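Trainee: Below is one structure. I have some questions about it.
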Amino acid sequence: MRQGIMRPAADAPAGTTGPTVRPARRVLPYAMPALTLAAALGLWEFLVRYHEIPHYLIPAPSLIASTLVRDFSSLTGSLWFTVKLTACALGLAIVGGVLIGMCFALSRTVEMSLFPFAVVLQVTPVVAIAPLILIYVSNTFAALLVCAWIVAFFPILSSTVIGLRSADHNLRDLFTLYGATRWQRMRLLLAPSALPYFMAALKIAGGLSLIGAVVAEFVAGAAGQNTGLASRILESGFRNEIPRMFAVLLLVSLLGISIFLFTSWLSNAVLGHWHESEMERER
């Protein structure tokens, strides 16, 4: 009977299945973290109020938010200093890591000669050498920049070297067969293969540059130099202004989240149209 024949799924009107699923898939990755964060903040607020914990021990999220709004104008200069220091350190790490990584990939002799120095810079705690850098470098910003650069440099370098060496050996032999120059080999073969590794390292280096900047600021703040957000944390601790300390910590966290979101967006913009690590898979 014709009445019992079901229409195939392909003939279903547009908008009956796909559009009802896709918006949920797109909203869910943002809704779930937001709901979890809201629940955690609500629990924090409830526990502080229920147990009547003094604000000089653990302030409530509402008090932290009001303190941040009240003191934001005075914290703007420190926030901008930390942003500028982090961005400069990340930029220098990208330039230095990529250039030195290219030299390492093209010359085994250069790598064997200089790679131990890069490892020494990575494994040496920046807290230990920051006082020496502050002594030898007269400019405070330049000294802090060196400290933050040391922390963010190695992930870019190591990932770039690994990526440049991950190119398919058959393609390497093909380039050799056709007599490609080193620049052609680097531009057409090695650089595309290294790009996913570089973008993954960029996400790590972005957070490390902020960590290095904050640690360097702590050292400079302990030495009496008024710098960025870290010095404001020290200042609030000395004055026992715990809500303000938490407010500055919130600014540091928001800055770190912003860096991660920006690097993630950049990775998706660069790799999303051709590399499987960032391509959206339809289910």
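Residues in the structure tokens are named by chain (A, B, ... in the order shown) and by number from 1 within that chain; ligands are numbered from 1 in the order shown.
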Using only C-alpha atoms, I'd like a table of the residues in range 12-106 of chain A that come within 12 Å of range 231-247 of chain A; for each, show the closest atom pair and its distance in Å rounded to one decimal, ordered by chain and ascending number, as a Markdown table.
Mentor:
| residue | atom | partner | partner_atom | distance |
| --- | --- | --- | --- | --- |
| A:Pro54 | CA | A:Ile242 | CA | 10.3 |
| A:His55 | CA | A:Pro243 | CA | 6.9 |
| A:Tyr56 | CA | A:Ile242 | CA | 5.3 |
| A:Leu57 | CA | A:Ile242 | CA | 7.1 |
| A:Ile58 | CA | A:Ile242 | CA | 7.6 |
| A:Pro59 | CA | A:Pro243 | CA | 5.7 |
| A:Ala60 | CA | A:Pro243 | CA | 8.3 |
| A:Pro61 | CA | A:Phe246 | CA | 9.1 |
| A:Ser62 | CA | A:Pro243 | CA | 10.0 |
| A:Leu63 | CA | A:Pro243 | CA | 6.8 |
| A:Ile64 | CA | A:Ala247 | CA | 5.4 |
| A:Ala65 | CA | A:Ala247 | CA | 6.9 |
| A:Ser66 | CA | A:Ala247 | CA | 8.8 |
| A:Thr67 | CA | A:Arg244 | CA | 6.1 |
| A:Leu68 | CA | A:Ala247 | CA | 5.2 |
| A:Val69 | CA | A:Ala247 | CA | 9.0 |
| A:Arg70 | CA | A:Arg244 | CA | 9.7 |
| A:Asp71 | CA | A:Arg244 | CA | 8.0 |
| A:Phe72 | CA | A:Ala247 | CA | 9.1 |
| A:Ser74 | CA | A:Arg232 | CA | 10.2 |
| A:Leu75 | CA | A:Arg232 | CA | 8.1 |
| A:Thr76 | CA | A:Arg232 | CA | 11.2 |
| A:Gly77 | CA | A:Arg232 | CA | 10.7 |
| A:Ser78 | CA | A:Arg232 | CA | 7.7 |
| A:Leu79 | CA | A:Arg232 | CA | 9.8 |
| A:Phe81 | CA | A:Ser231 | CA | 10.9 |
| A:Thr82 | CA | A:Ser231 | CA | 10.3 |
Trainee: Which of range 13-259 of chain A end up as helix (DSSP H, G or I) when DSSP is run on this backbone - answer as number ranges by chain?
Mentor: A: 18-50, 61-106, 108-123, 126-136, 140-164, 169-177, 182-222, 229-238, 242-259
Trainee: Which is closer to Ala128 in chain A than all the others in A:Val27, A:Leu114, A:Leu174, A:Cys147, using only C-alpha atoms?
Mentor: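 Result for the nearest residue to Ala128 in chain A: A:Cys147.
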Trainee: From the set A:Ala148, A:Ala39, A:Leu99, A:Ile257, which residue has the shortest atom-to-atom contact distance to Lys203 in chain A, counting only C-alpha atoms?
Mentor: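 Nearest to Lys203 in chain A: A:Ile257.
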Trainee: Write out as a ChimeraX atom specification the residues lying within 9 Å of Ala220 in chain A, counting only C-alpha atoms and excluding same-chain residues fewer than 6 positions away.
Mentor: /A:130-131,134,140,144,226-227,231
Trainee: Enter the distance from CA of Tyr136 in chain A to CA of Ala230 in chain A, in Å, rounded to one decimal.
Mentor: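 Separation between CA of Tyr136 in chain A and CA of Ala230 in chain A: 21.6 Å.
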Trainee: For each of A:Ser193, A:Gly272, A:Thr86, A:Asn139, take the minimum atom-to-atom distance to Leu171 in chain A, counting only C-alpha atoms, then give the residue where this is smallest.
Mentor: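 Of A:Ser193, A:Gly272, A:Thr86, A:Asn139, the one nearest Leu171 in chain A, counting only C-alpha atoms, is A:Ser193.
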